[in-house]
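Engineer: My questions all concern the structure below.
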Amino acid sequence: GAVVSQHPSWVICKSGTSVKIECRSLDFQATTMFWYRQFPKQSLMLMATSNEGSKATYEQGVEKDKFLINHASLTLSTLTVTSAHPEDSSFYICSASRLGFGEQFFGPGTRLTVL
Amino acid sequence: AQSVTQLGSHVSVSEGALVLLRCNYSSSVPPYLFWYVQYPNQGLQLLLKYTTGATLVKGINGFEAEFKKSETSFHLTKPSAHMSDAAEYFCAVSESPGGGNKLTFGTGTQLKVEL
């Protein structure tokens, strides 16, 4: 199956700093990438959908200026958490797909801890 | 709008016993249904999906699910549980079968397999 990677797998940062998380499709070109947030023992909540070369579409309630998403190439999307605060601590998961694929392929996730 | 309800946040079975994880959905259009498995600190892996056609869907690792429109259900089963099946299971629904479409997830069911 298709492989999606995320980097870093775990990051700890101080409150007020910005953190960038990368999502890469390793063996296919992803026309669409998704970013999810998962709280402990809870489900995945879709944050935004990004198509290569276009602005991301954010879900209702997700702050666009706080969670910056860039899908600059067909193999890379980035999520930047700006001015992170402890309430932003969570598990962030990306997924990728392309036209013709019948499913999304998920990355292993990034655990963000904001102190 | 679509939604998914997973009954039972925790299910415990003995090794070799039947596994039954429940999923009910709500959708204003014909649904496309998915089951994913998540191991600790990992991303999601697709177990199986229903798009159209046969309502009994077979997936990986011996799992299967049956789409019952009259009951708005898509329960996941496995005849004989194995220790390696212990994980978190998520049911999801989409308005379209393609991988580039938004998924709405249930809250998940943690499966524990005991000796």
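Residues in the structure tokens are numbered from 1 in each chain, the chains being A, B, ... in the order shown, and ligands are numbered from 1 in the order shown.
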Give me, as a tab-separated table, the closest atom pair and its distance (Å, one decimal) for every residue of chain A within a cut-off of 12 Å of chain B, counting only C-alpha atoms, rows sorted by chain and rising number.
Structural biologist:
residue	atom	partner	partner_atom	distance
A:Gly1	CA	B:Gln45	CA	10.1
A:Ala2	CA	B:Gln45	CA	10.9
A:Val3	CA	B:Gln45	CA	10.9
A:Val4	CA	B:Gly43	CA	9.4
A:Ser5	CA	B:Gly43	CA	9.6
A:Gln6	CA	B:Gly43	CA	9.8
A:Ser9	CA	B:Asn41	CA	9.0
A:Trp10	CA	B:Asn41	CA	10.0
A:Ala30	CA	B:Gly100	CA	9.4
A:Thr31	CA	B:Gly100	CA	8.0
A:Thr32	CA	B:Gly100	CA	5.9
A:Met33	CA	B:Gly100	CA	7.9
A:Phe34	CA	B:Lys102	CA	8.3
A:Trp35	CA	B:Lys102	CA	10.7
A:Tyr36	CA	B:Leu103	CA	10.3
A:Arg37	CA	B:Gly43	CA	11.5
A:Gln38	CA	B:Thr107	CA	10.2
A:Phe39	CA	B:Thr107	CA	10.6
A:Pro40	CA	B:Asn41	CA	10.8
A:Lys41	CA	B:Gly108	CA	8.1
A:Gln42	CA	B:Thr107	CA	5.6
A:Ser43	CA	B:Thr107	CA	4.4
A:Leu44	CA	B:Phe105	CA	6.4
A:Met45	CA	B:Phe105	CA	7.5
A:Leu46	CA	B:Thr104	CA	7.7
A:Met47	CA	B:Lys102	CA	10.5
A:Ala48	CA	B:Lys102	CA	9.4
A:Thr49	CA	B:Lys102	CA	8.0
A:Ser50	CA	B:Gly100	CA	9.9
A:Asn51	CA	B:Gly100	CA	9.2
A:Glu52	CA	B:Gly100	CA	12.0
A:Thr57	CA	B:Lys102	CA	11.1
A:Tyr58	CA	B:Lys102	CA	11.6
A:Glu59	CA	B:Lys102	CA	10.4
A:Ser90	CA	B:Asn41	CA	11.8
A:Phe91	CA	B:Asn41	CA	8.7
A:Tyr92	CA	B:Gly43	CA	9.6
A:Ile93	CA	B:Gly43	CA	6.8
A:Cys94	CA	B:Gly43	CA	8.4
A:Ser95	CA	B:Gly43	CA	8.8
A:Ala96	CA	B:Gly100	CA	7.9
A:Ser97	CA	B:Gly99	CA	5.4
A:Arg98	CA	B:Gly100	CA	6.3
A:Leu99	CA	B:Gly100	CA	6.8
A:Gly100	CA	B:Gly98	CA	6.9
A:Phe101	CA	B:Gly99	CA	5.3
A:Gly102	CA	B:Gly98	CA	4.5
A:Glu103	CA	B:Gly99	CA	3.8
A:Gln104	CA	B:Gly99	CA	4.7
A:Phe105	CA	B:Gln45	CA	7.5
A:Phe106	CA	B:Gly43	CA	5.5
A:Gly107	CA	B:Gly43	CA	5.2
A:Pro108	CA	B:Gly43	CA	3.9
A:Gly109	CA	B:Gly43	CA	5.6
A:Thr110	CA	B:Asn41	CA	8.5
A:Arg111	CA	B:Asn41	CA	8.4
Engineer: When DSSP works through the backbone of this structure, what residues of region 14-84 of chain B end up as strand (DSSP E), shown as a PyMOL selection string?
Structural biologist: chain B and resi 14+19-21+24-26+32-38+44-50+56-58+64-68+73-78
Engineer: Would you list the contacts of Gly16 (chain B) as a VMD selection string, taking every protein, DNA or RNA residue within 10 Å and counting only C-alpha atoms, but skipping same-chain residues closer than 3 positions in sequence?
Structural biologist: chain B and resid 13 19 78 to 83 113 to 115
Engineer: Mind checking which residues fall within 8 Å of Gly8 (chain B), counting only C-alpha atoms, ignoring those fewer than 2 positions away in the same chain, and posting them as a PyMOL selection string?
Structural biologist: chain B and resi 6+10-11+21-22+109
Engineer: Could you list, as a short mmCIF file (atom, residue, chain, number, x, y, z; two decimals) with C-alpha atoms, in the first residue's frame, every residue within 12 Å of Ser70 (chain B), counting only C-alpha atoms and ignoring same-chain residues fewer than 6 positions away?
Structural biologist:
data_model
loop_
_atom_site.label_atom_id
_atom_site.label_comp_id
_atom_site.auth_asym_id
_atom_site.auth_seq_id
_atom_site.Cartn_x
_atom_site.Cartn_y
_atom_site.Cartn_z
CA ASN B 24 -24.47 2.94 13.28
CA TYR B 25 -24.48 5.82 10.87
CA SER B 26 -26.61 8.74 9.85
CA THR B 55 -23.40 -5.75 1.44
#
Engineer: Tell me which of A:Thr80, A:Ser89, A:Thr75, A:Thr113 sits closest to Cys23 (chain A), counting only C-alpha atoms.
Structural biologist: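 Ranked by minimum distance to Cys23 (chain A), first place goes to A:Thr75.
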Engineer: Go through A:Cys13, A:Leu76, A:Ala84, A:Val114 one by one, measure the shortest atom-to-atom distance of each to Ser25 (chain A) using only C-alpha atoms, and give the residue with the smallest value.
Structural biologist: A:Leu76
Engineer: Can you list, as a CSV table (one decimal) with N, CA, C and O atoms, in the first residue's frame, every protein, DNA or RNA residue that comes within 7 Å of Leu68 (chain A) when you count only C-alpha atoms, leaving out same-chain residues fewer than 2 positions away?
Structural biologist:
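part24.csv, written as the output of this step:
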chain,number,residue,atom,x,y,z
A,64,LYS,N,-7.9,29.5,11.2
A,64,LYS,CA,-7.0,29.5,10.0
A,64,LYS,C,-5.6,30.1,10.3
A,64,LYS,O,-4.6,29.6,9.8
A,65,ASP,N,-5.7,31.1,11.1
A,65,ASP,CA,-4.4,31.9,11.4
A,65,ASP,C,-3.6,31.1,12.4
A,65,ASP,O,-2.4,31.4,12.5
A,66,LYS,N,-4.2,30.2,13.1
A,66,LYS,CA,-3.4,29.5,14.1
A,66,LYS,C,-2.8,28.2,13.5
A,66,LYS,O,-1.7,27.8,13.9
A,70,ASN,N,0.1,24.3,4.4
A,70,ASN,CA,0.7,24.5,3.1
A,70,ASN,C,0.8,23.2,2.3
A,70,ASN,O,1.4,22.3,2.9
A,79,LEU,N,1.8,21.5,8.4
A,79,LEU,CA,0.9,22.1,9.3
A,79,LEU,C,1.8,22.9,10.3
A,79,LEU,O,2.6,22.3,10.9
A,80,THR,N,1.6,24.2,10.4
A,80,THR,CA,2.3,25.0,11.4
A,80,THR,C,1.3,25.5,12.4
A,80,THR,O,0.3,26.1,12.1
A,81,VAL,N,1.6,25.1,13.7
A,81,VAL,CA,0.8,25.6,14.8
A,81,VAL,C,1.5,26.9,15.3
A,81,VAL,O,2.7,26.8,15.8
Engineer: Please indicate the distance in Å from CA of Gly53 (chain B) to CA of Leu7 (chain B), rounded to one decimal place.
Structural biologist: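 Separation between CA of Gly53 (chain B) and CA of Leu7 (chain B): 25.8 Å.
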Engineer: Which neighbours of Lys14 (chain A) fall inside 8 Å, counting only C-alpha atoms, when residues of the same chain fewer than 2 positions from it are skipped, and could you give them as a count of residues only?
Structural biologist: 7
